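The file final-v2.txt contains compact mmCIF, C-alpha atoms and all ligand atoms:
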# COMPACT_ATOMS: atom_id res chain seq x y z
CA MET A 264 0.00 0.00 0.00
CA ALA A 265 1.65 3.26 -1.15
CA ASP A 266 2.31 5.55 1.78
CA LYS A 267 -0.20 8.37 1.68
CA ALA A 268 -0.98 11.20 4.04
CA ARG A 269 -4.37 10.67 5.70
CA VAL A 270 -6.61 13.70 5.29
CA ALA A 271 -9.69 14.68 7.32
CA VAL A 272 -11.98 17.40 5.96
CA MET A 273 -14.22 19.46 8.27
CA VAL A 274 -17.36 20.87 6.66
CA SER A 275 -20.55 22.75 7.54
CA SER A 276 -22.37 23.47 4.31
CA GLU A 277 -22.55 22.84 0.54
CA GLY A 278 -19.20 21.06 0.30
CA THR A 279 -18.07 22.41 -3.07
CA ASN A 280 -14.50 22.67 -1.76
CA LEU A 281 -14.72 19.10 -0.49
CA GLN A 282 -15.94 18.12 -3.96
CA ALA A 283 -12.90 19.79 -5.51
CA LEU A 284 -10.70 17.69 -3.20
CA ILE A 285 -12.60 14.50 -4.05
CA ASP A 286 -12.25 15.26 -7.78
CA ALA A 287 -8.53 15.95 -7.29
CA GLN A 288 -8.17 12.58 -5.54
CA LYS A 289 -9.95 10.82 -8.39
CA SER A 290 -7.87 12.57 -11.04
CA GLY A 291 -4.64 11.60 -9.27
CA LEU A 292 -3.71 15.20 -8.39
CA LEU A 293 -3.78 14.36 -4.68
CA GLU A 294 -1.14 11.68 -5.40
CA LYS A 295 0.24 11.34 -1.86
CA GLY A 296 -2.97 12.18 -0.02
CA GLU A 297 -6.12 10.25 0.77
CA ILE A 298 -9.35 11.74 2.17
CA VAL A 299 -10.32 9.21 4.84
CA LEU A 300 -12.76 11.17 7.00
CA VAL A 301 -15.29 14.00 6.71
CA ILE A 302 -16.55 15.61 9.91
CA SER A 303 -19.45 18.04 10.05
CA ASN A 304 -20.90 20.08 12.88
CA ARG A 305 -24.22 20.08 11.02
CA GLU A 306 -26.15 16.99 9.96
CA ASP A 307 -27.84 18.87 7.10
CA ALA A 308 -24.55 19.75 5.37
CA TYR A 309 -24.78 18.58 1.76
CA ALA A 310 -21.02 18.02 1.97
CA LEU A 311 -21.84 14.80 3.88
CA GLU A 312 -23.79 13.51 0.89
CA ARG A 313 -20.79 14.16 -1.36
CA ALA A 314 -18.55 12.15 1.00
CA ARG A 315 -21.01 9.26 1.32
CA LYS A 316 -21.24 8.99 -2.48
CA GLU A 317 -17.50 8.36 -2.51
CA GLY A 318 -17.58 5.88 0.36
CA ILE A 319 -15.64 8.26 2.60
CA GLU A 320 -16.31 7.82 6.34
CA THR A 321 -18.49 10.65 7.69
CA CYS A 322 -19.16 11.80 11.21
CA VAL A 323 -21.62 14.40 12.48
CA ILE A 324 -20.95 15.99 15.84
CA ASN A 325 -23.71 18.39 16.81
CA ALA A 326 -21.84 21.36 18.26
CA LYS A 327 -25.05 23.32 18.96
CA ALA A 328 -26.42 20.66 21.28
CA ASN A 329 -23.19 19.76 23.04
CA GLY A 330 -21.18 22.99 22.92
CA ARG A 331 -17.76 23.66 21.41
CA GLU A 332 -15.70 21.94 24.10
CA ALA A 333 -17.57 18.64 23.77
CA PHE A 334 -17.46 18.98 19.97
CA GLU A 335 -13.70 19.40 20.00
CA GLU A 336 -13.11 16.54 22.47
CA GLU A 337 -15.15 14.23 20.23
CA CYS A 338 -13.25 15.46 17.15
CA LYS A 339 -9.89 14.76 18.79
CA LYS A 340 -10.94 11.22 19.68
CA ILE A 341 -12.10 10.47 16.14
CA ILE A 342 -9.19 12.21 14.42
CA ASP A 343 -6.49 10.69 16.63
CA ALA A 344 -7.97 7.18 16.33
CA ARG A 345 -7.58 7.43 12.55
CA ASN A 346 -3.99 8.70 12.51
CA ILE A 347 -4.90 11.80 10.55
CA ASP A 348 -1.94 13.73 9.12
CA LEU A 349 -3.75 16.82 7.80
CA ILE A 350 -7.04 18.50 8.70
CA VAL A 351 -8.67 20.68 6.03
CA LEU A 352 -11.39 23.20 6.96
CA ALA A 353 -13.51 23.47 3.81
CA GLY A 354 -16.54 25.68 4.30
CA PHE A 355 -16.32 24.88 8.00
CA LEU A 356 -18.16 27.63 9.85
CA MET A 357 -17.15 27.17 13.50
CA ILE A 358 -14.33 29.05 15.22
CA LEU A 359 -12.06 26.43 16.80
CA SER A 360 -10.56 27.06 20.23
CA LYS A 361 -6.94 28.04 20.82
CA ASP A 362 -6.40 24.70 22.63
CA PHE A 363 -7.67 22.72 19.66
CA VAL A 364 -5.64 24.55 17.01
CA ASN A 365 -2.51 24.45 19.19
CA TYR A 366 -3.01 20.71 19.79
CA TYR A 367 -2.87 20.27 15.98
CA ASP A 368 -0.21 22.88 15.41
CA HIS A 369 0.54 23.27 11.68
CA LYS A 370 -1.79 20.35 10.86
CA ILE A 371 -4.93 22.38 10.13
CA ILE A 372 -5.43 24.47 6.99
CA ASN A 373 -8.37 26.61 5.86
CA ILE A 374 -9.66 28.11 2.62
CA HIS A 375 -10.77 31.74 2.99
CA PRO A 376 -12.72 33.51 0.22
CA ALA A 377 -10.61 36.70 0.11
CA LEU A 378 -6.97 37.75 -0.27
CA ILE A 379 -5.85 37.80 3.38
CA PRO A 380 -5.19 40.29 5.05
CA SER A 381 -8.17 41.85 3.28
CA PHE A 382 -11.71 41.04 4.34
CA CYS A 383 -10.86 38.39 6.92
CA GLY A 384 -11.05 37.71 10.64
CA ASP A 385 -14.03 37.43 12.97
CA GLY A 386 -17.36 37.53 11.17
CA PHE A 387 -15.92 37.33 7.63
CA TYR A 388 -17.45 34.10 6.33
CA GLY A 389 -19.85 33.03 3.57
CA LEU A 390 -20.99 36.08 1.56
CA LYS A 391 -19.55 38.64 3.99
CA PRO A 392 -16.05 38.88 2.47
CA HIS A 393 -17.66 39.46 -0.95
CA ILE A 394 -20.09 42.09 0.39
CA ALA A 395 -17.15 43.90 1.99
CA ALA A 396 -15.07 43.68 -1.22
CA LEU A 397 -17.91 45.20 -3.27
CA GLU A 398 -18.56 47.89 -0.68
CA ARG A 399 -14.85 48.84 -0.68
CA GLY A 400 -14.81 48.87 -4.47
CA VAL A 401 -11.76 46.63 -4.91
CA LYS A 402 -11.04 45.58 -8.51
CA VAL A 403 -9.40 42.32 -7.48
CA THR A 404 -10.25 39.83 -4.76
CA GLY A 405 -9.63 36.08 -4.55
CA ALA A 406 -8.99 33.23 -2.13
CA THR A 407 -6.34 32.21 0.38
CA VAL A 408 -5.23 28.86 1.80
CA HIS A 409 -3.59 29.31 5.18
CA PHE A 410 -2.57 27.41 8.29
CA VAL A 411 -5.03 27.78 11.15
CA ASN A 412 -3.83 29.29 14.39
CA GLU A 413 -5.64 30.89 17.32
CA ILE A 414 -6.26 34.11 15.37
CA ALA A 415 -9.24 33.89 12.95
CA ASP A 416 -7.66 33.72 9.45
CA GLY A 417 -4.36 34.71 11.08
CA GLY A 418 -2.14 31.71 10.29
CA GLU A 419 0.75 31.57 7.80
CA ILE A 420 -0.40 31.93 4.17
CA ILE A 421 0.18 28.87 1.95
CA ALA A 422 -1.40 29.89 -1.37
CA GLN A 423 -3.46 32.67 -2.91
CA LYS A 424 -5.17 33.31 -6.24
CA ALA A 425 -6.57 36.60 -7.48
CA VAL A 426 -9.92 36.97 -9.23
CA SER A 427 -11.23 40.10 -10.96
CA VAL A 428 -14.32 41.90 -9.72
CA GLU A 429 -16.63 42.51 -12.69
CA GLU A 430 -18.97 45.44 -13.37
CA GLY A 431 -22.40 44.67 -11.92
CA ASP A 432 -21.18 41.89 -9.65
CA THR A 433 -23.44 40.94 -6.78
CA PRO A 434 -22.06 39.19 -3.69
CA GLU A 435 -23.43 35.95 -5.12
CA THR A 436 -21.86 36.30 -8.58
CA LEU A 437 -18.56 37.32 -7.03
CA GLN A 438 -18.66 34.40 -4.57
CA ARG A 439 -19.26 31.97 -7.41
CA ARG A 440 -16.37 33.35 -9.47
CA VAL A 441 -14.02 33.22 -6.48
CA MET A 442 -15.02 29.61 -5.83
CA GLU A 443 -14.71 28.52 -9.48
CA GLN A 444 -11.58 30.47 -10.37
CA ALA A 445 -9.71 30.36 -7.07
CA GLU A 446 -10.92 28.19 -4.18
CA TRP A 447 -11.54 24.99 -6.10
CA LEU A 448 -8.12 25.31 -7.76
CA ILE A 449 -5.74 26.40 -5.01
CA LEU A 450 -7.10 24.17 -2.23
CA PRO A 451 -6.44 20.83 -3.97
CA VAL A 452 -3.01 22.00 -5.13
CA ALA A 453 -2.12 23.12 -1.60
CA VAL A 454 -3.35 19.84 -0.06
CA ALA A 455 -1.42 17.82 -2.65
CA LYS A 456 1.75 19.78 -1.89
CA LEU A 457 1.38 19.37 1.89
CA CYS A 458 0.68 15.64 1.54
CA ARG A 459 3.81 15.17 -0.55
CA LYS A 460 5.78 17.01 2.14
CA ILE A 461 4.29 14.92 4.97
CA VAL A 462 5.08 11.64 3.19
CA LYS A 463 8.58 12.78 2.24
CA GLU A 464 9.42 13.87 5.78
CA ARG A 465 8.45 10.53 7.29
CA SER A 466 10.07 8.34 4.66
C1 LIG B 1 -17.81 29.30 0.53
O1 LIG B 1 -18.19 30.66 0.61
C2 LIG B 1 -16.34 29.20 0.67
O2 LIG B 1 -15.76 30.35 0.13
C3 LIG B 1 -16.10 29.17 2.13
O3 LIG B 1 -17.23 28.51 2.69
C4 LIG B 1 -18.34 28.60 1.77
C5 LIG B 1 -18.94 27.26 1.47
O4 LIG B 1 -17.94 26.45 0.95
N1 LIG B 1 -14.87 28.50 2.41
P1 LIG B 1 -18.29 24.93 0.53
O5 LIG B 1 -19.11 24.99 -0.73
O6 LIG B 1 -19.09 24.31 1.68
O7 LIG B 1 -16.97 24.29 0.33
Before anything else, please render the file you have as structure tokens.
Amino acid sequence: MADKARVAVMVSSEGTNLQALIDAQKSGLLEKGEIVLVISNREDAYALERARKEGIETCVINAKANGREAFEEECKKIIDARNIDLIVLAGFLMILSKDFVNYYDHKIINIHPALIPSFCGDGFYGLKPHIAALERGVKVTGATVHFVNEIADGGEIIAQKAVSVEEGDTPETLQRRVMEQAEWLILPVAVAKLCRKIVKERS
């Protein structure tokens, strides 16, 4: 069995970034990585359906009912029992605690729908970065893959891709373009690169 980095993806919503990772795995782009687990804090996340279709193990931990601390304890148990090498936050809408991100130091990455340090930090999720970009009148926005630390969107930047803002853009049309032309491209490439590095360093 070829040595591959074991990847867990944490999701909360549509799962289009997870789908990009699944497609990258199927096309061979992920080469040294294998998505072995998808965790969601919401049982209605369509991302779970995408994982199930591919036979990827899924797990729903209801953070609302049990609170963040219990959610994170359960996540640690599941993640550590499966020897996960890399955790990818893909449309994951919870803020993780300092303890949790420090416990997995430099093992968690996130995709943010703006060019950090613009339009990021507390409260900038979903459409909000795109609303802010349009309000500010920027001509270019994009997406960023970064390591997760205790500061929201504050970790070391891994990859970025710029996307033009078009005349007449709405937050929705801009979000779609950023996903299609940036997020779904740079996230799989970044995961593939990190998985190669993980496998190389332990060989
Ligand atoms: C998207 O706005 C994406 O930019 C952000 O989370 C939202 C949902 O992503 N990361 P997904 O479709 O669930 O991957």
Counting all atoms listed in the file, which protein, DNA or RNA residues come within 7 Å of ligand LIG 1 (chain B), given as a CSV table (one decimal) with C-alpha atoms, in the coordinates of the input?
chain,number,residue,atom,x,y,z
A,274,VAL,CA,-17.4,20.9,6.7
A,275,SER,CA,-20.6,22.8,7.5
A,276,SER,CA,-22.4,23.5,4.3
A,277,GLU,CA,-22.6,22.8,0.5
A,278,GLY,CA,-19.2,21.1,0.3
A,279,THR,CA,-18.1,22.4,-3.1
A,280,ASN,CA,-14.5,22.7,-1.8
A,281,LEU,CA,-14.7,19.1,-0.5
A,310,ALA,CA,-21.0,18.0,2.0
A,353,ALA,CA,-13.5,23.5,3.8
A,354,GLY,CA,-16.5,25.7,4.3
A,355,PHE,CA,-16.3,24.9,8.0
A,374,ILE,CA,-9.7,28.1,2.6
A,375,HIS,CA,-10.8,31.7,3.0
A,376,PRO,CA,-12.7,33.5,0.2
A,388,TYR,CA,-17.4,34.1,6.3
A,389,GLY,CA,-19.8,33.0,3.6
A,390,LEU,CA,-21.0,36.1,1.6
A,438,GLN,CA,-18.7,34.4,-4.6
A,442,MET,CA,-15.0,29.6,-5.8
A,446,GLU,CA,-10.9,28.2,-4.2
| query | Of the candidates A:Ile285, A:Ala333, A:Val441, A:Leu457, which one gets nearest to A:Lys316 if we count all atoms listed in the file? | reply |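 Using all atoms listed in the file, A:Lys316 sits closest to A:Ile285.
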| task | Please write as a list in words the list of polymer residues whose atoms come within 10 Å of (-6.2, 13.2, 13.2), counting all atoms listed in the file and keeping to the coordinates of the file. | result |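 Checked against the point, the hits come out as Arg269, Val270, Ala271, Leu300, Cys338, Lys339, Lys340, Ile341, Ile342, Asp343, Ala344, Arg345, Asn346, Ile347, Asp348, Leu349, Ile350, Tyr367, Lys370 and Ile371 of chain A.
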| note | Students should find that atom CA of A:Val299 and atom CA of A:Glu320 are spaced 6.3 Å
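Counting from atom CA of A:Met357, the distance to atom CA of A:Glu297 is 23.9 Å.
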| query | What separation in Å, quoted to one decimal, exists between atom CA of A:Glu306 and atom CA of A:Val323? | reply | 5.8 Å
| Nearest residue to A:Leu292 from the set A:Val452, A:Ile372, A:Val462, A:Cys322 (distances using all atoms listed in the file) |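 Among A:Val452, A:Ile372, A:Val462, A:Cys322, it is A:Val452 that comes nearest to A:Leu292.
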| said: Taking (-3.4, 36.1, -1.2) in the coordinates of the supplied file, I want to know which residues reach to within 10 Å of it, counting only C-alpha atoms; could you give the answer as number ranges by chain? | reply: A: 375-381, 404-409, 420-425
Residues within 7 Å of A:Pro451, all atoms listed in the file, excluding chain neighbours under 4 positions, as a CSV table (one decimal) with C-alpha atoms, in the coordinates of the input:
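part-v4.csv was written with the following content:
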chain,number,residue,atom,x,y,z
A,283,ALA,CA,-12.9,19.8,-5.5
A,284,LEU,CA,-10.7,17.7,-3.2
A,287,ALA,CA,-8.5,16.0,-7.3
A,447,TRP,CA,-11.5,25.0,-6.1
A,455,ALA,CA,-1.4,17.8,-2.6
Axis-aligned box for all listed atoms of stretch 412-429 of chain A, 6 Å per side, centre and edges in Å to one decimal, as lines of an AutoDock Vina configuration file:
center_x = -7.9
center_y = 35.7
center_z = 2.3
size_x = 29.4
size_y = 25.6
size_z = 42.0
| Nearest-residue call for A:Glu398, choices A:Asp362, A:Glu335, A:Glu317, A:Asp432, using all atoms listed in the file |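 Counting all atoms listed in the file, the residue closest to A:Glu398 is A:Asp432.
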| remark: Counting only C-alpha atoms, the residue among A:Ala396, A:Met273, A:Ala268, A:Cys383 that lies closest to A:Thr433 is A:Ala396
| field | Residue contacts of A:Val428 (8 Å, all atoms listed in the file) excluding same-chain residues fewer than 6 positions away, as a list in words | value |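 What passes the distance filter is Val401, Lys402, Val403, Thr404 and Leu437 of chain A.
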| request: Have a look at A:Arg465, A:Lys361, A:Lys289, A:Lys460 and name the one nearest to A:Asn412; count all atoms listed in the file. | output: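 For A:Asn412, the nearest of the given residues is A:Lys361.
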| query | Restricting the calculation to all atoms listed in the file, which member of A:Ala445, A:Arg399, A:Ala415, A:Lys463 is positioned closest to A:Ser360? | reply |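 Distance minimum relative to A:Ser360 lands on A:Ala415.
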